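Q: This is the structure, below, for whatever I ask next.
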There are 2 protein chains.
Amino acid sequence: MTDLARLRLDQVHALTLQVLQAHGVSVAQAQAIADTITAAERDDCKSHGLFRLPGYVSSVRSGKVTPDAVPQLRDLAPAIVQVDGQNGFAPLALRLGCVPLAEKARRHGIAALAVTRIYHFAALWPEVEALAAQGLVALAWTAAMSYVAPAGGNKPLYGTNPMAFAWPRVGHPPLVFDQASSASARGEIQLHLRAGAPLPEGWAIDADGHPTTDAAAALAGAQLPFGGYKGAAIALMIELLAGALIGEVFSFEASERDNHDGGPPVGGELIIAVEPTRCVGHGDRPRQLAHAEQLFARILAQEGTRLPSDRRYAARQRTPTEGITMPQALYEELLSLAGRKTF
Amino acid sequence: MTDLARLRLDQVHALTLQVLQAHGVSVAQAQAIADTITAAERDDCKSHGLFRLPGYVSSVRSGKVTPDAVPQLRDLAPAIVQVDGQNGFAPLALRLGCVPLAEKARRHGIAALAVTRIYHFAALWPEVEALAAQGLVALAWTAAMSYVAPAGGNKPLYGTNPMAFAWPRVGHPPLVFDQASSASARGEIQLHLRAGAPLPEGWAIDADGHPTTDAAAALAGAQLPFGGYKGAAIALMIELLAGALIGEVFSFEASERDNHDGGPPVGGELIIAVEPTRCVGHGDRPRQLAHAEQLFARILAQEGTRLPSDRRYAARQRTPTEGITMPQALYEELLSLAGRKTF
């Protein structure tokens with residue numbers, strides 16, 4: 001058994017702040033990151049929680065990321081806003097950009113936010129959920145490191161390229177999904193390697209392009225997209241939307257440029273927000289969100305189903321009182337990074 | 001061997017017009033449908049070509065579709081335009097709506113077209129390709145008949161819900177993909193049934209929810225999304241975008257309402273168009289499309305790859321001179337529907 005440390009959510013937030021500020025991360029950057037990491041822990045998304053904090057620190061220590069970057073807004077068109085992250089981490093840039101994005105979506109019906117020069121080390125659901133909590137429909141895409149083979153190919157090219165979608169609900173938190181376009185997360189392959197366990201079929205190919213269930217061979221080869229050529233098409237689309245469209249790098253360029261310090265690569269993110277009430281005539285507005293609930297009811301009427309994000313929301317009910325746990329070794333590493341003995 | 005009839009593309013167009021006009025379809029509706037069917041035959045997309053024409057006729061004969069519908073434009077917001085298809089077929093409504101969509105995208109940077117009350121019996125690539133040929137990035141989604149089980153479920157709920165994406169290229173026709181969110185097309189299962197061939201694993205479940213490779217059992221059960229729960233999430237998103245968001249029906253409602261005359265169900269389509277030059281600062285515009293070509297070159301540098309839509313464009317080189325073929329039986333059926341003996 002792994003020894004576990006237990007923290008309250010306010011302690012997660014405070015510890016994250018202390019670790020980041022001990023390494024010169026500005027208050028504004030650190031607050032935004034701490035909010036994002038705390039939200040992940042609150043929702044039991046361990047892979048984007050405190051586990052990521054050493055990587056944030058590595059990228060500051062290596063000089064790759066600017067720890068006190070001040071993101072800059074630029075109005076590119078009536079319905080397009082850009083936020084240049086100035087080589088800082090993503091959360092502060094997103095927080096800044098989503099305000100005019102929402103305002104533009106309400107005014108014009110639809111709008112886009114192009115986020116550039118950021119280091120994104122979190123999930124995408126926080127930004128789309130926050131937009132949907134304001135009544136907007138939101139879509140987000142980002143590219144990453146070059147790990148995934150294109151359709152028919154056998155060498156890494158695309159990132160694990162996630163996309164996220166959020167739909168506002170009445171009386172419920174938004175319906176949200178956030179999924180990689182690779183068959184598995186990179187981290188899942190690393191966990192199989194550590195455990196000495198074979199990979200499921202369909203996750204990866206080896207360096208010669210042959211299907212493999214060996215985790216080490218997979219890491220030396222390429223990951224596969226989910227769902228064959230259709231998932232590869234989605235990965236390709238995400239490269240274009242979060243790369244060339246907004247003047248940012250593709251995953252293969254991010255990988256070539258990266259110093260492999262264990263932190264995130266540079267890149268961009270595209271978010272589209274839609275004001276649903278502007279997509280129908282006046283008479284149809286009252287029915288719009290209630291109509292969606294009828295679909296959700298049909299889904300849940302089938303045994304074995306659940307809605308995307310319901311697992312996160314269930315965790316969100318528990319963690320404010322129960323707190324969260326993490327491996328004792330990670331806790332000690334974080335205390336050490338914060339320059340403390342206890343917390 | 002099936003006997004084949006051969007036609008030139010102009011004959012495909014003329015035959016389609018004659019069949020439709022013989023059944024009271026207005027000139028404007030018939031021209032738009034003939035353009036769409038001819039484009040499918042030109043690109044060797046047989047499943048959306050002349051093969052569909054008897055279904056168009058069935059839906060006019062049954063009284064389901066209004067053969068002389070005049071689609072109506074409505075400006076819903078600065079960046080949102082609606083076209084109400086007035087219960088006609090999709091192609092004319094799309095043709096009408098894509099003009100203000102492109103204009104709004106250029107003016108505001110991004111815009112959306114909500115197409116309602118249409119009967120869509122074609123692929124989605126024609127509309128997104130046409131937008132990308134004008135320099136825009138385009139995304140489209142539409143729902144369909146209720147055939148696909150939700151994640152974890154075992155009864156049909158979602159449509160085969162296609163999405164399409166198009167990216168403008170310099171010196172090439174646009175990069176385009178258009179793919180169902182089901183593991184297979186409905187028609188592919190029907191073809192396996194006729195051929196008495198087993199289905200590939202992963203396409204369908206039977207009426208009891210068990211995986212099946214029996215085509216008849218699959219048609220009585222439910223199709224599966226591509227790529228497991230991730231494809232199901234995309235199918236769900238498409239229900240929301242092409243349904244509740246624009247005030248249109250979900251697939252399960254379209255199925256319940258349909259008279260099953262062999263033609264298409266009623267429904268909606270959402271198209272988003274983005275002006276790429278408005279997504280970057282002035283200095284980055286010259287590089288934008290050239291940058292994407294670098295990604296395409298990386299894809300094609302890997303053995304075994306091709307770009308989405310390259311197969312269609314290769315057919316487009318051949319068919320203007322070679323013409324197209326179809327089963328003699330279909331040709332005779334179409335002649336009969338046109339009230340002719342030869343063509």
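Just remember, in the structure tokens the first chain shown is A, the second B, etc., residues are 1-based per chain, and ligands are 1-based in the order shown.
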Return the neighbours of chain A among the residues of chain B, cut-off 6 Å, counting only C-alpha atoms, as a count of residues only.
A: 22
Q: Name all residues at most 6 Å from range 201-214 of chain A (count only C-alpha atoms; drop same-chain ones fewer than 4 positions away) and give them as a list in words.
A: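 Counting only C-alpha atoms, the residues come to Asn154, Ala183, Ala218, Ala220, Gly221, Ala222, Gln223 and Leu224 of chain A.
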Q: Please produce chain A as a CSV table (one decimal) with C-alpha atoms, in the first residue's frame once it has been superposed on chain B, the fit using all Cα atoms paired in sequence order.
A:
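File result.csv, as written:
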```csv
chain,number,residue,atom,x,y,z
A,1,MET,CA,-21.3,-9.3,-62.3
A,2,THR,CA,-23.7,-6.4,-62.0
A,3,ASP,CA,-24.5,-4.8,-65.4
A,4,LEU,CA,-23.3,-1.2,-65.4
A,5,ALA,CA,-24.7,1.9,-67.1
A,6,ARG,CA,-22.3,4.7,-67.9
A,7,LEU,CA,-23.2,8.4,-67.9
A,8,ARG,CA,-21.3,11.6,-68.4
A,9,LEU,CA,-21.5,14.1,-65.5
A,10,ASP,CA,-23.7,16.4,-67.4
A,11,GLN,CA,-26.1,13.5,-68.0
A,12,VAL,CA,-26.1,12.7,-64.3
A,13,HIS,CA,-27.1,16.3,-63.7
A,14,ALA,CA,-29.8,16.3,-66.4
A,15,LEU,CA,-31.2,12.9,-65.3
A,16,THR,CA,-31.5,14.1,-61.7
A,17,LEU,CA,-33.3,17.2,-62.8
A,18,GLN,CA,-35.7,15.3,-64.9
A,19,VAL,CA,-36.5,12.8,-62.2
A,20,LEU,CA,-37.1,15.5,-59.6
A,21,GLN,CA,-39.1,17.8,-61.9
A,22,ALA,CA,-41.2,14.9,-63.0
A,23,HIS,CA,-42.3,14.7,-59.3
A,24,GLY,CA,-43.1,18.3,-58.8
A,25,VAL,CA,-39.8,19.5,-57.3
A,26,SER,CA,-39.3,23.2,-58.1
A,27,VAL,CA,-36.5,24.2,-60.4
A,28,ALA,CA,-34.6,25.9,-57.6
A,29,GLN,CA,-34.8,22.9,-55.3
A,30,ALA,CA,-34.1,20.4,-58.1
A,31,GLN,CA,-31.0,22.4,-59.4
A,32,ALA,CA,-29.5,22.4,-55.9
A,33,ILE,CA,-30.1,18.7,-55.4
A,34,ALA,CA,-28.8,17.9,-58.9
A,35,ASP,CA,-25.6,19.8,-58.1
A,36,THR,CA,-25.1,17.9,-54.9
A,37,ILE,CA,-25.8,14.5,-56.5
A,38,THR,CA,-23.5,15.3,-59.4
A,39,ALA,CA,-20.7,16.4,-57.1
A,40,ALA,CA,-21.0,13.1,-55.2
A,41,GLU,CA,-20.8,11.1,-58.5
A,42,ARG,CA,-18.0,13.2,-59.7
A,43,ASP,CA,-16.0,12.4,-56.5
A,44,ASP,CA,-17.0,8.7,-56.6
A,45,CYS,CA,-19.0,9.0,-53.4
A,46,LYS,CA,-21.6,6.5,-54.6
A,47,SER,CA,-23.5,6.3,-51.3
A,48,HIS,CA,-24.5,10.0,-51.7
A,49,GLY,CA,-24.9,10.0,-55.5
A,50,LEU,CA,-27.7,8.8,-57.8
A,51,PHE,CA,-28.3,5.9,-55.4
A,52,ARG,CA,-30.1,8.5,-53.2
A,53,LEU,CA,-32.4,9.8,-55.9
A,54,PRO,CA,-35.3,7.3,-55.4
A,55,GLY,CA,-35.3,8.3,-51.7
A,56,TYR,CA,-35.8,12.0,-52.6
A,57,VAL,CA,-38.7,11.0,-54.8
A,58,SER,CA,-40.2,8.8,-52.1
A,59,SER,CA,-40.2,11.7,-49.7
A,60,VAL,CA,-42.0,13.9,-52.2
A,61,ARG,CA,-44.5,11.2,-53.1
A,62,SER,CA,-45.3,10.5,-49.4
A,63,GLY,CA,-46.0,14.1,-48.8
A,64,LYS,CA,-43.3,14.4,-46.1
A,65,VAL,CA,-41.1,16.9,-47.9
A,66,THR,CA,-42.4,20.1,-49.5
A,67,PRO,CA,-41.1,19.9,-53.1
A,68,ASP,CA,-41.3,23.6,-53.8
A,69,ALA,CA,-40.2,24.9,-50.5
A,70,VAL,CA,-38.7,28.4,-50.5
A,71,PRO,CA,-36.1,28.6,-47.7
A,72,GLN,CA,-36.3,31.8,-45.6
A,73,LEU,CA,-33.3,33.7,-44.2
A,74,ARG,CA,-33.4,35.3,-40.8
A,75,ASP,CA,-30.7,37.3,-39.2
A,76,LEU,CA,-30.5,36.2,-35.5
A,77,ALA,CA,-27.4,38.1,-34.3
A,78,PRO,CA,-24.5,39.9,-35.8
A,79,ALA,CA,-22.7,36.6,-36.3
A,80,ILE,CA,-25.6,34.2,-36.5
A,81,VAL,CA,-27.8,33.6,-39.5
A,82,GLN,CA,-30.7,31.1,-39.7
A,83,VAL,CA,-32.2,29.6,-42.8
A,84,ASP,CA,-35.5,27.9,-42.3
A,85,GLY,CA,-35.7,25.2,-44.9
A,86,GLN,CA,-39.6,25.3,-44.8
A,87,ASN,CA,-39.6,21.5,-44.9
A,88,GLY,CA,-37.8,21.3,-48.1
A,89,PHE,CA,-34.6,19.4,-49.0
A,90,ALA,CA,-31.3,20.6,-47.6
A,91,PRO,CA,-29.2,21.7,-50.6
A,92,LEU,CA,-31.1,24.8,-51.6
A,93,ALA,CA,-31.4,26.0,-47.9
A,94,LEU,CA,-27.6,25.5,-47.6
A,95,ARG,CA,-26.9,27.3,-50.8
A,96,LEU,CA,-28.9,30.3,-49.6
A,97,GLY,CA,-27.5,30.3,-46.0
A,98,CYS,CA,-23.9,30.0,-46.9
A,99,VAL,CA,-23.8,33.4,-48.6
A,100,PRO,CA,-24.5,35.5,-45.5
A,101,LEU,CA,-22.6,33.0,-43.4
A,102,ALA,CA,-19.4,33.7,-45.4
A,103,GLU,CA,-20.1,37.4,-45.3
A,104,LYS,CA,-20.6,37.4,-41.5
A,105,ALA,CA,-17.5,35.3,-41.0
A,106,ARG,CA,-15.4,37.8,-43.0
A,107,ARG,CA,-16.8,40.7,-41.1
A,108,HIS,CA,-16.8,39.4,-37.6
A,109,GLY,CA,-14.0,36.7,-37.8
A,110,ILE,CA,-16.4,33.9,-37.0
A,111,ALA,CA,-20.0,33.2,-37.7
A,112,ALA,CA,-22.6,30.4,-37.5
A,113,LEU,CA,-25.4,29.2,-39.8
A,114,ALA,CA,-28.3,27.5,-38.2
A,115,VAL,CA,-30.2,25.5,-40.8
A,116,THR,CA,-33.6,24.3,-39.6
A,117,ARG,CA,-36.6,22.3,-41.0
A,118,ILE,CA,-34.6,20.6,-43.7
A,119,TYR,CA,-34.5,17.0,-45.0
A,120,HIS,CA,-30.8,16.2,-45.4
A,121,PHE,CA,-30.0,13.3,-47.6
A,122,ALA,CA,-26.4,14.2,-48.7
A,123,ALA,CA,-22.9,14.3,-47.3
A,124,LEU,CA,-21.7,17.4,-45.3
A,125,TRP,CA,-18.5,17.8,-47.3
A,126,PRO,CA,-20.1,19.8,-50.1
A,127,GLU,CA,-21.0,22.7,-47.9
A,128,VAL,CA,-17.7,22.9,-45.9
A,129,GLU,CA,-15.6,22.4,-49.0
A,130,ALA,CA,-17.4,25.3,-50.7
A,131,LEU,CA,-16.7,27.6,-47.7
A,132,ALA,CA,-13.1,26.6,-47.6
A,133,ALA,CA,-12.7,27.2,-51.3
A,134,GLN,CA,-13.6,30.8,-50.4
A,135,GLY,CA,-10.7,30.9,-47.9
A,136,LEU,CA,-12.7,30.1,-44.8
A,137,VAL,CA,-12.2,27.3,-42.2
A,138,ALA,CA,-15.5,25.5,-41.8
A,139,LEU,CA,-17.1,23.0,-39.4
A,140,ALA,CA,-20.5,21.3,-39.8
A,141,TRP,CA,-22.6,18.9,-37.8
A,142,THR,CA,-26.0,17.3,-38.4
A,143,ALA,CA,-28.1,14.7,-36.5
A,144,ALA,CA,-30.0,11.9,-38.2
A,145,MET,CA,-32.2,8.9,-37.5
A,146,SER,CA,-32.0,7.2,-34.1
A,147,TYR,CA,-29.6,4.2,-34.6
A,148,VAL,CA,-26.7,4.5,-32.2
A,149,ALA,CA,-26.5,3.5,-28.6
A,150,PRO,CA,-25.2,6.0,-26.0
A,151,ALA,CA,-22.0,5.2,-24.0
A,152,GLY,CA,-22.8,2.3,-21.7
A,153,GLY,CA,-26.3,1.9,-23.1
A,154,ASN,CA,-27.8,-0.7,-25.4
A,155,LYS,CA,-30.7,0.9,-27.3
A,156,PRO,CA,-30.7,3.3,-30.3
A,157,LEU,CA,-30.7,6.9,-29.3
A,158,TYR,CA,-28.2,9.0,-31.3
A,159,GLY,CA,-28.1,9.4,-35.1
A,160,THR,CA,-25.1,8.3,-37.1
A,161,ASN,CA,-24.4,12.1,-36.6
A,162,PRO,CA,-21.7,13.2,-39.1
A,163,MET,CA,-19.3,16.1,-38.6
A,164,ALA,CA,-17.3,17.7,-41.4
A,165,PHE,CA,-14.3,20.0,-41.3
A,166,ALA,CA,-12.6,21.9,-44.1
A,167,TRP,CA,-9.3,23.9,-44.3
A,168,PRO,CA,-8.4,26.2,-47.2
A,169,ARG,CA,-5.2,25.4,-49.1
A,170,VAL,CA,-3.2,27.4,-51.6
A,171,GLY,CA,-2.9,25.7,-54.9
A,172,HIS,CA,-4.9,22.6,-53.8
A,173,PRO,CA,-8.5,22.1,-53.2
A,174,PRO,CA,-9.4,22.3,-49.5
A,175,LEU,CA,-8.4,19.6,-47.0
A,176,VAL,CA,-11.8,18.1,-45.9
A,177,PHE,CA,-13.1,15.3,-43.8
A,178,ASP,CA,-16.6,14.2,-43.2
A,179,GLN,CA,-17.2,11.3,-40.9
A,180,ALA,CA,-20.1,9.7,-39.0
A,181,SER,CA,-19.8,9.3,-35.3
A,182,SER,CA,-21.0,5.7,-35.6
A,183,ALA,CA,-18.5,3.0,-36.2
A,184,SER,CA,-20.0,2.3,-39.6
A,185,ALA,CA,-22.5,3.8,-41.9
A,186,ARG,CA,-26.1,2.3,-41.7
A,187,GLY,CA,-25.8,1.4,-45.4
A,188,GLU,CA,-22.7,-0.7,-44.8
A,189,ILE,CA,-24.6,-2.9,-42.4
A,190,GLN,CA,-27.4,-3.2,-45.0
A,191,LEU,CA,-24.8,-4.2,-47.6
A,192,HIS,CA,-23.4,-6.9,-45.3
A,193,LEU,CA,-27.0,-8.2,-44.8
A,194,ARG,CA,-27.5,-8.5,-48.5
A,195,ALA,CA,-24.2,-10.2,-49.0
A,196,GLY,CA,-24.8,-12.5,-46.1
A,197,ALA,CA,-21.4,-11.5,-44.7
A,198,PRO,CA,-20.6,-11.1,-41.0
A,199,LEU,CA,-20.0,-7.6,-39.6
A,200,PRO,CA,-16.6,-6.5,-38.2
A,201,GLU,CA,-16.5,-6.6,-34.4
A,202,GLY,CA,-17.4,-3.3,-32.8
A,203,TRP,CA,-20.0,-2.1,-35.2
A,204,ALA,CA,-23.2,-3.1,-33.4
A,205,ILE,CA,-25.1,-4.8,-30.6
A,206,ASP,CA,-28.2,-6.9,-30.8
A,207,ALA,CA,-31.6,-6.1,-29.3
A,208,ASP,CA,-30.4,-7.6,-26.0
A,209,GLY,CA,-27.4,-5.3,-25.9
A,210,HIS,CA,-24.8,-8.0,-26.7
A,211,PRO,CA,-22.1,-7.5,-29.3
A,212,THR,CA,-23.1,-9.0,-32.6
A,213,THR,CA,-21.5,-9.6,-36.0
A,214,ASP,CA,-24.9,-10.6,-37.5
A,215,ALA,CA,-26.2,-7.9,-39.8
A,216,ALA,CA,-29.9,-8.6,-39.2
A,217,ALA,CA,-29.4,-8.7,-35.4
A,218,ALA,CA,-27.5,-5.4,-35.7
A,219,LEU,CA,-30.3,-3.7,-37.6
A,220,ALA,CA,-32.8,-4.9,-34.9
A,221,GLY,CA,-30.4,-3.8,-32.2
A,222,ALA,CA,-28.2,-0.7,-32.2
A,223,GLN,CA,-25.1,0.6,-33.9
A,224,LEU,CA,-22.1,1.5,-31.8
A,225,PRO,CA,-20.3,4.9,-31.9
A,226,PHE,CA,-16.7,4.9,-33.3
A,227,GLY,CA,-14.0,4.7,-30.7
A,228,GLY,CA,-16.1,3.8,-27.7
A,229,TYR,CA,-17.2,6.4,-25.2
A,230,LYS,CA,-15.2,9.2,-27.0
A,231,GLY,CA,-17.2,8.7,-30.2
A,232,ALA,CA,-20.4,8.6,-28.1
A,233,ALA,CA,-19.5,12.0,-26.6
A,234,ILE,CA,-19.1,13.4,-30.1
A,235,ALA,CA,-22.4,12.0,-31.1
A,236,LEU,CA,-24.0,13.6,-28.0
A,237,MET,CA,-22.4,16.9,-28.8
A,238,ILE,CA,-23.7,16.8,-32.3
A,239,GLU,CA,-27.3,16.1,-31.1
A,240,LEU,CA,-27.0,19.3,-29.0
A,241,LEU,CA,-25.4,21.5,-31.6
A,242,ALA,CA,-27.7,20.4,-34.5
A,243,GLY,CA,-30.7,19.9,-32.3
A,244,ALA,CA,-31.5,21.9,-29.1
A,245,LEU,CA,-29.0,24.7,-29.8
A,246,ILE,CA,-30.7,25.7,-33.1
A,247,GLY,CA,-34.3,24.8,-32.0
A,248,GLU,CA,-34.3,21.6,-34.0
A,249,VAL,CA,-35.2,18.0,-33.2
A,250,PHE,CA,-32.9,15.3,-31.8
A,251,SER,CA,-32.4,12.1,-33.7
A,252,PHE,CA,-34.8,10.2,-31.5
A,253,GLU,CA,-37.5,12.8,-32.2
A,254,ALA,CA,-36.8,12.8,-35.9
A,255,SER,CA,-37.2,9.0,-35.9
A,256,GLU,CA,-40.4,9.1,-34.0
A,257,ARG,CA,-41.8,11.7,-36.3
A,258,ASP,CA,-40.6,10.1,-39.6
A,259,ASN,CA,-43.0,8.2,-41.9
A,260,HIS,CA,-40.2,5.8,-42.9
A,261,ASP,CA,-40.7,6.4,-46.6
A,262,GLY,CA,-37.1,5.6,-47.4
A,263,GLY,CA,-36.1,9.3,-47.6
A,264,PRO,CA,-34.3,11.4,-45.0
A,265,PRO,CA,-35.7,12.5,-41.6
A,266,VAL,CA,-36.3,16.2,-40.7
A,267,GLY,CA,-33.6,17.9,-38.8
A,268,GLY,CA,-31.1,20.7,-38.6
A,269,GLU,CA,-27.5,21.5,-39.4
A,270,LEU,CA,-25.1,23.8,-37.7
A,271,ILE,CA,-22.2,25.3,-39.7
A,272,ILE,CA,-19.4,27.5,-38.2
A,273,ALA,CA,-17.2,29.4,-40.5
A,274,VAL,CA,-14.0,31.2,-39.4
A,275,GLU,CA,-12.0,33.8,-41.4
A,276,PRO,CA,-8.4,32.6,-40.7
A,277,THR,CA,-6.8,36.0,-41.4
A,278,ARG,CA,-8.9,37.5,-38.6
A,279,CYS,CA,-7.4,34.9,-36.1
A,280,VAL,CA,-3.9,36.3,-36.1
A,281,GLY,CA,-2.2,39.7,-36.1
A,282,HIS,CA,-1.3,41.3,-39.5
A,283,GLY,CA,2.3,40.0,-39.4
A,284,ASP,CA,1.3,36.4,-39.1
A,285,ARG,CA,-1.2,36.3,-42.0
A,286,PRO,CA,1.2,35.6,-44.8
A,287,ARG,CA,2.5,32.5,-43.0
A,288,GLN,CA,-0.8,31.0,-41.9
A,289,LEU,CA,-1.7,28.7,-44.8
A,290,ALA,CA,1.9,27.9,-45.7
A,291,HIS,CA,2.4,26.8,-42.1
A,292,ALA,CA,-0.4,24.2,-42.5
A,293,GLU,CA,1.3,22.9,-45.6
A,294,GLN,CA,4.3,22.0,-43.5
A,295,LEU,CA,2.1,19.8,-41.4
A,296,PHE,CA,0.6,18.1,-44.4
A,297,ALA,CA,4.1,17.5,-45.8
A,298,ARG,CA,5.0,15.8,-42.5
A,299,ILE,CA,1.9,13.6,-42.7
A,300,LEU,CA,2.7,12.6,-46.3
A,301,ALA,CA,6.4,12.0,-45.5
A,302,GLN,CA,5.2,8.9,-43.6
A,303,GLU,CA,4.7,5.8,-45.7
A,304,GLY,CA,1.1,4.6,-45.9
A,305,THR,CA,-0.6,8.0,-45.2
A,306,ARG,CA,-2.8,10.2,-47.3
A,307,LEU,CA,-4.8,13.3,-46.6
A,308,PRO,CA,-8.5,13.2,-46.0
A,309,SER,CA,-10.4,13.9,-49.2
A,310,ASP,CA,-7.5,13.0,-51.5
A,311,ARG,CA,-9.4,10.0,-52.8
A,312,ARG,CA,-12.3,12.3,-53.7
A,313,TYR,CA,-10.0,14.7,-55.5
A,314,ALA,CA,-8.4,11.8,-57.4
A,315,ALA,CA,-11.8,10.7,-58.7
A,316,ARG,CA,-12.6,14.3,-59.6
A,317,GLN,CA,-9.6,14.2,-62.0
A,318,ARG,CA,-11.0,11.1,-63.8
A,319,THR,CA,-14.8,11.4,-64.0
A,320,PRO,CA,-15.1,14.5,-66.2
A,321,THR,CA,-13.6,12.5,-69.0
A,322,GLU,CA,-14.4,9.0,-68.0
A,323,GLY,CA,-17.9,9.5,-66.8
A,324,ILE,CA,-19.4,7.5,-64.0
A,325,THR,CA,-21.1,4.1,-63.8
A,326,MET,CA,-24.1,2.8,-61.9
A,327,PRO,CA,-25.9,-0.5,-61.7
A,328,GLN,CA,-28.1,-1.0,-64.8
A,329,ALA,CA,-31.1,-1.7,-62.5
A,330,LEU,CA,-30.7,1.7,-60.8
A,331,TYR,CA,-30.4,3.4,-64.2
A,332,GLU,CA,-33.6,1.8,-65.3
A,333,GLU,CA,-35.4,2.8,-62.1
A,334,LEU,CA,-34.2,6.4,-62.6
A,335,LEU,CA,-35.3,6.4,-66.3
A,336,SER,CA,-38.7,5.1,-65.2
A,337,LEU,CA,-38.9,7.8,-62.5
A,338,ALA,CA,-38.1,10.4,-65.1
A,339,GLY,CA,-40.8,9.0,-67.4
A,340,ARG,CA,-38.3,8.1,-70.1
A,341,LYS,CA,-37.1,5.0,-72.0
A,342,THR,CA,-33.6,6.2,-72.8
A,343,PHE,CA,-31.4,9.1,-72.0
```
Q: List every residue of range 105-209 of chain A that DSSP, applied to the backbone of this structure, assigns to helix (DSSP H, G or I), and report them as number ranges by chain.
A: A: 105-108, 125-133, 186-195
